[in-house]
file entry-v9.cif (mmCIF, C-alpha atoms)
data_target
loop_
_atom_site.label_atom_id
_atom_site.label_comp_id
_atom_site.auth_asym_id
_atom_site.auth_seq_id
_atom_site.Cartn_x
_atom_site.Cartn_y
_atom_site.Cartn_z
CA MET G 1 99.68 89.09 100.66
CA HIS G 2 102.00 91.95 99.97
CA ARG G 3 104.53 92.97 97.35
CA GLY G 4 107.38 93.90 99.68
CA LEU G 5 108.55 97.15 101.17
CA ARG G 6 109.86 98.51 97.89
CA GLY G 7 106.77 97.78 95.84
CA ARG G 8 103.49 99.50 95.19
CA PHE G 9 102.32 99.26 98.80
CA ALA G 10 105.17 101.39 100.12
CA ALA G 11 104.44 104.21 97.69
CA VAL G 12 100.69 104.13 98.19
CA ALA G 13 100.93 103.83 101.96
CA LEU G 14 103.27 106.81 102.21
CA THR G 15 101.01 108.86 99.95
CA VAL G 16 98.04 108.05 102.15
CA LEU G 17 99.92 108.83 105.33
CA VAL G 18 101.44 112.12 104.20
CA ALA G 19 98.90 113.55 101.77
CA ALA G 20 95.61 112.34 103.16
CA GLY G 21 96.45 112.99 106.79
CA THR G 22 94.14 110.16 107.85
CA LEU G 23 96.61 107.93 109.62
CA GLY G 24 94.49 105.05 110.83
CA ALA G 25 91.35 107.21 110.79
CA CYS G 26 88.50 105.44 112.46
CA GLY G 27 84.78 105.19 112.11
CA GLY G 28 82.30 106.04 114.80
CA ASP G 29 80.71 109.23 116.02
CA ASP G 30 82.73 112.33 116.84
CA ASP G 31 82.41 112.01 120.59
CA GLY G 32 84.14 108.66 120.52
CA SER G 33 81.28 106.75 122.09
CA GLY G 34 81.02 104.36 119.15
CA ALA G 35 77.28 104.11 119.75
CA ASP G 36 76.17 105.00 116.22
CA ALA G 37 78.75 103.27 114.05
CA PRO G 38 79.54 99.57 113.83
CA LEU G 39 83.14 98.52 113.81
CA ARG G 40 84.40 98.08 110.25
CA LEU G 41 86.26 94.81 109.86
CA GLY G 42 88.36 93.48 107.02
CA TYR G 43 89.34 89.90 106.20
CA PHE G 44 90.09 87.57 103.28
CA PRO G 45 87.80 84.92 101.75
CA ASN G 46 90.27 82.22 102.72
CA VAL G 47 90.50 79.24 105.08
CA THR G 48 93.35 80.91 106.96
CA HIS G 49 90.83 83.63 107.91
CA ALA G 50 88.26 81.17 109.26
CA THR G 51 88.22 83.01 112.60
CA ALA G 52 86.77 86.04 110.84
CA LEU G 53 84.42 84.01 108.65
CA VAL G 54 83.02 82.05 111.59
CA GLY G 55 82.86 85.12 113.82
CA VAL G 56 80.81 86.99 111.24
CA GLU G 57 78.62 84.17 109.95
CA LYS G 58 77.76 82.72 113.38
CA GLY G 59 76.94 86.17 114.76
CA ILE G 60 79.67 85.89 117.39
CA PHE G 61 81.15 89.30 116.69
CA ALA G 62 77.69 90.88 116.58
CA LYS G 63 76.85 89.37 119.97
CA HIS G 64 79.88 90.92 121.65
CA LEU G 65 79.94 94.22 119.76
CA GLY G 66 76.21 94.83 120.18
CA THR G 67 75.74 95.09 116.42
CA ALA G 68 77.15 93.27 113.42
CA PRO G 69 80.44 94.71 112.18
CA LYS G 70 80.47 96.33 108.77
CA THR G 71 82.65 93.97 106.76
CA ALA G 72 84.98 94.34 103.79
CA THR G 73 86.86 91.52 102.08
CA PHE G 74 90.26 91.73 100.43
CA ASN G 75 92.37 89.43 98.30
CA ALA G 76 95.73 90.96 99.19
CA GLY G 77 97.43 92.41 102.25
CA PRO G 78 98.35 95.78 100.69
CA ALA G 79 94.73 96.52 99.86
CA ALA G 80 93.62 95.70 103.42
CA VAL G 81 96.35 97.86 104.95
CA GLU G 82 95.63 100.74 102.58
CA ALA G 83 91.98 100.58 103.65
CA LEU G 84 93.09 100.69 107.29
CA PHE G 85 95.35 103.69 106.68
CA SER G 86 92.70 105.59 104.71
CA GLY G 87 90.04 105.06 107.38
CA ALA G 88 87.83 102.77 105.29
CA ILE G 89 88.11 100.04 107.95
CA ASP G 90 89.05 99.98 111.62
CA ALA G 91 90.63 96.54 111.93
CA THR G 92 91.58 93.70 109.63
CA PHE G 93 92.75 90.13 109.68
CA VAL G 94 95.95 90.02 107.64
CA GLY G 95 99.25 88.18 107.28
CA PRO G 96 102.45 88.96 109.20
CA ASN G 97 104.44 90.68 106.45
CA PRO G 98 101.75 93.24 105.58
CA SER G 99 101.55 93.94 109.31
CA ILE G 100 105.30 94.52 109.45
CA ASN G 101 105.14 96.79 106.40
CA ALA G 102 102.32 98.84 107.91
CA TRP G 103 104.27 99.25 111.14
CA SER G 104 107.48 100.17 109.34
CA LYS G 105 106.05 102.66 106.89
CA SER G 106 104.03 104.48 109.56
CA HIS G 107 107.03 104.52 111.91
CA GLY G 108 104.96 102.66 114.49
CA LYS G 109 102.21 105.29 114.55
CA ALA G 110 99.33 103.68 112.64
CA VAL G 111 98.67 100.11 113.73
CA HIS G 112 98.99 97.46 116.41
CA ILE G 113 98.73 93.69 116.24
CA ILE G 114 96.21 92.84 118.94
CA SER G 115 95.71 89.10 118.45
CA GLY G 116 96.76 86.06 116.55
CA ALA G 117 94.28 84.11 114.42
CA ALA G 118 96.03 81.21 112.69
CA SER G 119 99.32 79.35 112.70
CA GLY G 120 100.78 76.94 110.16
CA GLY G 121 99.11 75.76 106.98
CA VAL G 122 101.96 76.41 104.51
CA SER G 123 103.80 73.81 102.42
CA LEU G 124 106.19 73.40 99.51
CA VAL G 125 104.39 71.19 96.99
CA VAL G 126 106.34 69.87 94.00
CA LYS G 127 106.18 67.49 91.06
CA PRO G 128 106.57 63.83 92.14
CA GLY G 129 110.02 63.51 90.55
CA ILE G 130 111.58 66.05 92.93
CA LYS G 131 113.02 64.18 95.91
CA GLY G 132 114.93 66.83 97.84
CA VAL G 133 116.05 70.44 97.99
CA GLN G 134 118.99 69.96 95.63
CA ASP G 135 116.60 68.67 92.97
CA LEU G 136 115.16 72.19 92.85
CA ARG G 137 118.24 73.49 91.04
CA GLY G 138 117.10 74.77 87.64
CA LYS G 139 113.42 74.48 88.58
CA LYS G 140 110.61 77.06 88.69
CA ILE G 141 108.86 77.46 92.05
CA ALA G 142 105.89 79.76 92.57
CA THR G 143 105.09 81.96 95.55
CA PRO G 144 102.02 84.20 96.04
CA GLN G 145 103.84 87.52 95.64
CA LEU G 146 107.35 89.00 95.65
CA GLY G 147 108.34 89.74 99.23
CA ASN G 148 105.21 88.22 100.75
CA THR G 149 105.36 85.90 103.75
CA GLN G 150 105.70 82.68 101.75
CA ASP G 151 108.08 84.26 99.23
CA VAL G 152 110.43 85.27 102.04
CA ALA G 153 110.21 81.81 103.61
CA LEU G 154 111.10 80.06 100.35
CA ARG G 155 114.02 82.33 99.44
CA TYR G 156 115.45 82.16 102.97
CA TRP G 157 115.15 78.35 103.05
CA LEU G 158 116.86 78.04 99.66
CA LYS G 159 119.68 80.31 100.82
CA LYS G 160 120.17 78.22 103.95
CA ASN G 161 120.46 75.18 101.69
CA GLY G 162 123.10 76.80 99.49
CA LEU G 163 120.84 77.72 96.57
CA THR G 164 120.37 81.20 95.10
CA ALA G 165 117.03 82.70 94.12
CA ASN G 166 117.34 86.30 92.98
CA LYS G 167 114.53 88.85 92.82
CA ASP G 168 114.88 89.16 89.04
CA GLY G 169 114.18 85.47 88.59
CA SER G 170 117.80 84.44 88.06
CA GLY G 171 119.80 82.08 90.25
CA ASP G 172 119.82 78.37 90.98
CA VAL G 173 116.06 78.36 91.46
CA LYS G 174 113.71 80.59 89.49
CA VAL G 175 111.09 81.90 91.92
CA VAL G 176 107.92 82.89 90.10
CA PRO G 177 105.62 85.22 92.09
CA GLN G 178 102.01 84.81 90.92
CA GLU G 179 98.46 84.69 92.24
CA ASN G 180 97.59 81.46 94.03
CA ALA G 181 94.71 80.75 91.67
CA GLN G 182 97.10 81.06 88.73
CA THR G 183 99.53 78.69 90.43
CA LEU G 184 96.90 75.94 90.31
CA GLN G 185 96.76 76.34 86.54
CA THR G 186 100.48 76.70 85.85
CA PHE G 187 101.28 73.68 88.03
CA ALA G 188 98.68 71.53 86.23
CA GLN G 189 100.03 72.69 82.87
CA GLY G 190 103.64 71.94 83.81
CA GLU G 191 104.77 75.56 83.57
CA ILE G 192 106.11 75.47 87.14
CA ASP G 193 107.68 72.63 89.12
CA GLY G 194 106.26 73.49 92.51
CA ALA G 195 104.93 76.18 94.83
CA TRP G 196 105.40 77.40 98.41
CA VAL G 197 101.80 78.27 99.25
CA PRO G 198 99.29 78.51 102.09
CA GLU G 199 96.15 76.46 102.48
CA PRO G 200 93.89 75.58 100.79
CA TYR G 201 96.17 75.89 97.76
CA ALA G 202 98.72 73.40 99.08
CA SER G 203 95.99 70.79 99.53
CA ARG G 204 94.52 71.59 96.14
CA LEU G 205 97.87 71.11 94.42
CA ILE G 206 98.16 67.70 96.10
CA LEU G 207 94.59 66.43 95.82
CA GLU G 208 93.59 67.95 92.49
CA ASN G 209 96.90 68.10 90.63
CA LYS G 210 98.89 65.12 91.96
CA GLY G 211 101.54 67.25 93.64
CA LYS G 212 103.76 65.97 96.43
CA LYS G 213 104.49 67.74 99.70
CA LEU G 214 108.25 68.17 99.83
CA LEU G 215 108.24 70.31 102.96
CA ASP G 216 105.75 71.35 105.62
CA GLU G 217 106.87 74.77 106.86
CA LYS G 218 105.95 73.70 110.38
CA SER G 219 109.13 71.61 110.40
CA LEU G 220 111.21 74.81 110.24
CA TRP G 221 109.75 76.44 113.35
CA PRO G 222 110.05 75.67 117.09
CA GLY G 223 107.09 73.55 118.14
CA GLY G 224 105.76 73.75 114.57
CA LYS G 225 104.21 77.15 115.34
CA PHE G 226 104.42 80.21 113.08
CA VAL G 227 101.94 83.00 112.42
CA ILE G 228 100.01 82.98 109.15
CA THR G 229 97.16 85.35 110.14
CA ASN G 230 96.85 87.98 112.87
CA LEU G 231 94.49 90.83 113.73
CA LEU G 232 95.64 94.37 113.01
CA VAL G 233 93.86 97.46 114.35
CA SER G 234 94.14 101.18 113.68
CA GLN G 235 95.81 102.90 116.63
CA GLU G 236 93.41 105.81 116.21
CA TYR G 237 90.39 103.53 116.53
CA GLU G 238 92.09 101.72 119.39
CA LYS G 239 92.48 104.99 121.29
CA LYS G 240 88.94 106.23 120.63
CA HIS G 241 87.13 102.92 121.12
CA PRO G 242 89.03 100.70 123.58
CA ASP G 243 85.78 99.08 124.73
CA GLN G 244 84.87 98.08 121.17
CA VAL G 245 88.35 96.67 120.61
CA LYS G 246 88.00 94.56 123.74
CA LYS G 247 84.57 93.35 122.62
CA LEU G 248 85.99 92.43 119.23
CA LEU G 249 88.67 90.42 120.99
CA GLN G 250 86.03 88.66 123.07
CA GLY G 251 84.47 87.66 119.77
CA VAL G 252 87.82 86.47 118.41
CA VAL G 253 88.39 84.29 121.48
CA GLU G 254 84.91 82.79 121.21
CA ALA G 255 85.17 82.24 117.46
CA THR G 256 88.53 80.51 117.94
CA ASP G 257 87.04 78.25 120.61
CA TYR G 258 84.10 77.48 118.37
CA ILE G 259 86.36 76.40 115.49
CA ASN G 260 88.44 74.16 117.72
CA GLN G 261 85.46 72.61 119.51
CA ASN G 262 83.11 72.26 116.55
CA LYS G 263 85.39 71.41 113.62
CA ALA G 264 82.75 69.91 111.34
CA ASP G 265 80.35 72.83 111.65
CA ALA G 266 83.18 75.38 111.51
CA GLU G 267 84.34 73.80 108.23
CA LYS G 268 80.79 74.02 106.84
CA VAL G 269 80.32 77.62 107.96
CA THR G 270 83.67 78.56 106.45
CA ASN G 271 82.93 76.81 103.16
CA ASP G 272 79.47 78.35 102.91
CA ALA G 273 81.03 81.77 103.47
CA LEU G 274 83.68 81.08 100.83
CA ALA G 275 80.98 80.07 98.36
CA LYS G 276 79.06 83.26 99.10
CA LEU G 277 82.10 85.51 98.80
CA SER G 278 83.97 83.87 95.94
CA GLY G 279 81.17 82.04 94.15
CA LYS G 280 82.67 78.58 94.60
CA PRO G 281 83.04 76.35 97.66
CA LEU G 282 86.02 74.10 98.27
CA LYS G 283 85.72 70.37 97.64
CA GLN G 284 85.13 68.49 100.88
CA ASP G 285 88.45 66.62 100.81
CA VAL G 286 90.35 69.86 100.22
CA LEU G 287 88.43 71.62 102.99
CA GLU G 288 89.14 68.88 105.52
CA SER G 289 92.81 68.65 104.52
CA ALA G 290 93.30 72.41 104.80
CA PHE G 291 91.69 72.60 108.25
CA LYS G 292 93.94 69.81 109.53
CA GLU G 293 97.02 71.81 108.55
CA ILE G 294 96.02 75.04 110.32
CA ASP G 295 96.09 75.75 114.04
CA PHE G 296 93.49 78.37 114.94
CA THR G 297 94.80 80.28 117.93
CA THR G 298 94.75 83.73 119.47
CA ASP G 299 98.48 83.38 120.19
CA PRO G 300 100.24 85.64 117.64
CA VAL G 301 103.40 83.49 117.89
CA ALA G 302 105.34 86.73 118.11
CA SER G 303 108.75 85.08 117.90
CA SER G 304 107.96 83.84 114.38
CA LEU G 305 107.01 87.31 113.18
CA THR G 306 110.28 88.70 114.50
CA ALA G 307 112.25 85.87 112.92
CA GLY G 308 110.37 86.29 109.64
CA ALA G 309 111.34 89.95 109.54
CA GLN G 310 114.98 89.04 110.16
CA HIS G 311 114.81 86.50 107.33
CA ALA G 312 113.42 89.16 104.97
CA GLU G 313 116.22 91.53 105.94
CA GLU G 314 118.84 88.85 105.36
CA ILE G 315 117.69 88.15 101.80
CA GLY G 316 117.32 91.83 100.93
CA LEU G 317 113.53 92.11 100.85
CA LEU G 318 113.13 94.25 103.97
CA GLU G 319 115.08 97.17 105.34
CA LYS G 320 116.17 97.03 108.96
CA THR G 321 112.98 97.38 110.99
CA ASP G 322 112.50 97.91 114.73
CA LEU G 323 109.39 95.94 115.71
CA ASP G 324 109.42 96.98 119.35
CA GLY G 325 105.87 98.04 120.21
CA ILE G 326 104.14 96.43 117.22
CA TYR G 327 102.03 94.33 119.60
CA ASN G 328 99.42 95.52 122.05
CA LEU G 329 98.26 92.29 123.67
CA GLY G 330 97.07 93.83 126.94
CA PRO G 331 93.35 93.84 125.98
CA LEU G 332 93.55 90.27 124.63
CA ASN G 333 95.24 89.02 127.77
CA GLU G 334 92.54 90.66 129.88
CA VAL G 335 89.93 88.73 127.89
CA LEU G 336 91.90 85.48 128.11
CA LYS G 337 92.48 85.86 131.84
CA SER G 338 88.81 86.58 132.51
CA SER G 339 87.96 83.40 130.60
CA GLY G 340 90.41 81.31 132.59
CA LYS G 341 92.74 80.90 129.62
CA ALA G 342 96.51 81.24 129.44
CA GLU G 343 97.80 84.66 128.46
CA VAL G 344 99.92 85.12 125.34
CA SER G 345 103.28 86.82 124.91
CA ASP G 346 104.67 89.46 122.57
CA ARG G 347 108.12 87.89 122.82
#
call {"tool": "encode", "arguments": {"input": "entry-v9.cif", "output": "structure tokens"}}
result
Amino acid sequence: MHRGLRGRFAAVALTVLVAAGTLGACGGDDDGSGADAPLRLGYFPNVTHATALVGVEKGIFAKHLGTAPKTATFNAGPAAVEALFSGAIDATFVGPNPSINAWSKSHGKAVHIISGAASGGVSLVVKPGIKGVQDLRGKKIATPQLGNTQDVALRYWLKKNGLTANKDGSGDVKVVPQENAQTLQTFAQGEIDGAWVPEPYASRLILENKGKKLLDEKSLWPGGKFVITNLLVSQEYEKKHPDQVKKLLQGVVEATDYINQNKADAEKVTNDALAKLSGKPLKQDVLESAFKEIDFTTDPVASSLTAGAQHAEEIGLLEKTDLDGIYNLGPLNEVLKSSGKAEVSDR
């Protein structure tokens, strides 16, 4: 998750772009063959990144790429994007707003979104006494980070319902940006009244802390579809290694199919990976609840990313941004077509 265009990411990203001169620098040998260097792939230790976890742990990416990717895990979008800009990784699974920030700050020169990964899986969970949106007046509601995808969604929704939520914490509703792990504690201790969070934190607030789902974000989007995770690639790597990018996408398609066709095993593989990466697996009821809320798909649900950017602009958390060209779905659609699957749109 990111801190917004005007936060630390903007300054660091610009420094990397201008001073380091390694805009989207890629790995691989100098002749561009890619024969000696595995693709370097980033992702989060989170259920919403199950496509990456399953693709790595089941050896699906390795099968298509010819060798296992060199992996790096991140806990926040800015760190993943900074790694992509600096050349430490070649591609990363990341949320929509960090992708928009990367596109904006590089003036469309550094990255492309080449696939979707997950849709949905975000809810507003509150104390049982809160019955509706107007009951949020005077309450404290947490989001993962100022200006991040969920933060924008909450503030925009409140505005549409006639409630103010200012960046400095003032207004009808006090929005409290904090780490998701901290939100579990502050909610249990009564320091906040609710949280707009992704899975598995929404399920944990409900199952472990007796929270109540006031709103499923799916209800705000056409067909209940909105992007929560997509795949971002360095344009430099994309140019030098188009074959490797296509092979990675073949792995993404297969990993997505595996999750949807083998839910029980995919849940186990994901949880085992989470335990290995974070030191603690999710409880089985939380794991199952989280998976039910997320739609794993290669469709990037492009319309939701565009709308999300417009929402961020409207509430003052994003400057006017032209997203034309942010997607390069040609390679993915080639893979989908060859597999007899429906192509996806960047509209």
call {"tool": "closest_atom_pairs", "arguments": {"input": "entry-v9.cif", "of": "range 201-288 of chain G", "to": "range 319-335 of chain G", "cutoff": "12 Å", "atoms": "all atoms listed in the file", "output": "JSON lines"}}
result
{"residue": "G:Asn230", "atom": "CA", "partner": "G:Tyr327", "partner_atom": "CA", "distance": 10.6}
{"residue": "G:Leu231", "atom": "CA", "partner": "G:Tyr327", "partner_atom": "CA", "distance": 10.2}
{"residue": "G:Leu232", "atom": "CA", "partner": "G:Tyr327", "partner_atom": "CA", "distance": 9.2}
{"residue": "G:Val233", "atom": "CA", "partner": "G:Asn328", "partner_atom": "CA", "distance": 9.7}
{"residue": "G:Ser234", "atom": "CA", "partner": "G:Asn328", "partner_atom": "CA", "distance": 11.4}
{"residue": "G:Gln235", "atom": "CA", "partner": "G:Asn328", "partner_atom": "CA", "distance": 9.8}
{"residue": "G:Glu238", "atom": "CA", "partner": "G:Asn328", "partner_atom": "CA", "distance": 10.0}
{"residue": "G:Lys239", "atom": "CA", "partner": "G:Asn328", "partner_atom": "CA", "distance": 11.8}
{"residue": "G:Pro242", "atom": "CA", "partner": "G:Pro331", "partner_atom": "CA", "distance": 8.5}
{"residue": "G:Asp243", "atom": "CA", "partner": "G:Pro331", "partner_atom": "CA", "distance": 9.3}
{"residue": "G:Gln244", "atom": "CA", "partner": "G:Pro331", "partner_atom": "CA", "distance": 10.6}
{"residue": "G:Val245", "atom": "CA", "partner": "G:Pro331", "partner_atom": "CA", "distance": 7.9}
{"residue": "G:Lys246", "atom": "CA", "partner": "G:Pro331", "partner_atom": "CA", "distance": 5.8}
{"residue": "G:Lys247", "atom": "CA", "partner": "G:Val335", "partner_atom": "CA", "distance": 8.8}
{"residue": "G:Leu248", "atom": "CA", "partner": "G:Leu332", "partner_atom": "CA", "distance": 9.5}
{"residue": "G:Leu249", "atom": "CA", "partner": "G:Leu332", "partner_atom": "CA", "distance": 6.1}
{"residue": "G:Gln250", "atom": "CA", "partner": "G:Val335", "partner_atom": "CA", "distance": 6.2}
{"residue": "G:Gly251", "atom": "CA", "partner": "G:Val335", "partner_atom": "CA", "distance": 9.8}
{"residue": "G:Val252", "atom": "CA", "partner": "G:Leu332", "partner_atom": "CA", "distance": 9.3}
{"residue": "G:Val253", "atom": "CA", "partner": "G:Val335", "partner_atom": "CA", "distance": 7.9}
{"residue": "G:Glu254", "atom": "CA", "partner": "G:Val335", "partner_atom": "CA", "distance": 10.3}
call {"tool": "atom_distance", "arguments": {"input": "entry-v9.cif", "atom1": "CA of Val175 in chain G", "atom2": "CA of Lys139 in chain G"}}
result
8.5 Å
call {"tool": "residues_around", "arguments": {"input": "entry-v9.cif", "residues": "Pro96 in chain G", "least_positions_apart": "6", "cutoff": "12 Å", "atoms": "only C-alpha atoms", "output": "ChimeraX atom specification"}}
result
/G:1-2,4,77-78,81,102-103,112-113,115-119,147-150,152-153,226-232,300-309,312,323,326-327
call {"tool": "residues_around", "arguments": {"input": "entry-v9.cif", "residues": "range 213-220 of chain G", "least_positions_apart": "2", "cutoff": "10 Å", "atoms": "only C-alpha atoms", "output": "ChimeraX atom specification"}}
result
/G:119-128,130-133,150,153-154,157,194-198,202-203,205-206,210-211,222-226,293
call {"tool": "atom_distance", "arguments": {"input": "entry-v9.cif", "atom1": "CA of Leu53 in chain G", "atom2": "CA of Ala83 in chain G"}}
result
18.9 Å
call {"tool": "residues_near_point", "arguments": {"input": "entry-v9.cif", "point": "(122.3, 75.3, 86.8)", "cutoff": "9 Å", "atoms": "all atoms listed in the file", "output": "PyMOL selection string"}}
result
chain G and resi 137-138+171-173
call {"tool": "write_last_selection", "arguments": {"input": "entry-v9.cif", "atoms": "C-alpha atoms", "output": "PDB file, in the frame of the given file"}}
result
ATOM      1  CA  ARG G 137     118.240  73.490  91.040  1.00  0.00           C
ATOM      2  CA  GLY G 138     117.100  74.770  87.640  1.00  0.00           C
ATOM      3  CA  GLY G 171     119.800  82.080  90.250  1.00  0.00           C
ATOM      4  CA  ASP G 172     119.820  78.370  90.980  1.00  0.00           C
ATOM      5  CA  VAL G 173     116.060  78.360  91.460  1.00  0.00           C
TER       6      VAL G 173
END
call {"tool": "atom_distance", "arguments": {"input": "entry-v9.cif", "atom1": "CA of Ala266 in chain G", "atom2": "CA of Ala91 in chain G"}}
result
22.4 Å
call {"tool": "residues_around", "arguments": {"input": "entry-v9.cif", "residues": "range 60-74 of chain G", "least_positions_apart": "5", "cutoff": "7 Å", "atoms": "only C-alpha atoms", "output": "PDB file with C-alpha atoms, in the frame of the given file"}}
result
ATOM      1  CA  PRO G  38      79.540  99.570 113.830  1.00  0.00           C
ATOM      2  CA  LEU G  39      83.140  98.520 113.810  1.00  0.00           C
ATOM      3  CA  ARG G  40      84.400  98.080 110.250  1.00  0.00           C
ATOM      4  CA  LEU G  41      86.260  94.810 109.860  1.00  0.00           C
ATOM      5  CA  GLY G  42      88.360  93.480 107.020  1.00  0.00           C
ATOM      6  CA  TYR G  43      89.340  89.900 106.200  1.00  0.00           C
ATOM      7  CA  PHE G  44      90.090  87.570 103.280  1.00  0.00           C
ATOM      8  CA  PRO G  45      87.800  84.920 101.750  1.00  0.00           C
ATOM      9  CA  GLY G  55      82.860  85.120 113.820  1.00  0.00           C
ATOM     10  CA  ALA G  79      94.730  96.520  99.860  1.00  0.00           C
ATOM     11  CA  ALA G  80      93.620  95.700 103.420  1.00  0.00           C
ATOM     12  CA  GLN G 244      84.870  98.080 121.170  1.00  0.00           C
ATOM     13  CA  LYS G 247      84.570  93.350 122.620  1.00  0.00           C
ATOM     14  CA  LEU G 248      85.990  92.430 119.230  1.00  0.00           C
ATOM     15  CA  GLN G 250      86.030  88.660 123.070  1.00  0.00           C
ATOM     16  CA  GLY G 251      84.470  87.660 119.770  1.00  0.00           C
ATOM     17  CA  ALA G 255      85.170  82.240 117.460  1.00  0.00           C
TER      18      ALA G 255
END
call {"tool": "resolve_selection", "arguments": {"input": "entry-v9.cif", "expression": "the PyMOL selection byres ((chain G and resi 177) around 6)", "output": "ChimeraX atom specification"}}
result
/G:142-146,176,178
call {"tool": "residues_near_point", "arguments": {"input": "entry-v9.cif", "point": "(90.2, 72.5, 103.4)", "cutoff": "12 Å", "atoms": "all atoms listed in the file", "output": "PyMOL selection string"}}
result
chain G and resi 46-48+50+121+198-207+263-264+266-268+270-271+274+281-294
call {"tool": "closest_residue", "arguments": {"input": "entry-v9.cif", "among": "G:Ala188, G:Leu84, G:Phe296, G:Asn161", "to": "Ala52 in chain G", "atoms": "all atoms listed in the file"}}
result
G:Phe296
call {"tool": "closest_residue", "arguments": {"input": "entry-v9.cif", "among": "G:Tyr156, G:Gln310, G:Leu163, G:Ile114", "to": "Asp346 in chain G", "atoms": "only C-alpha atoms"}}
result
G:Ile114
call {"tool": "closest_residue", "arguments": {"input": "entry-v9.cif", "among": "G:His49, G:His107, G:Lys58, G:Lys160", "to": "Val269 in chain G", "atoms": "only C-alpha atoms"}}
result
G:Lys58
call {"tool": "closest_residue", "arguments": {"input": "entry-v9.cif", "among": "G:Lys105, G:Arg155, G:Lys212, G:His241", "to": "Asp90 in chain G", "atoms": "only C-alpha atoms"}}
result
G:His241
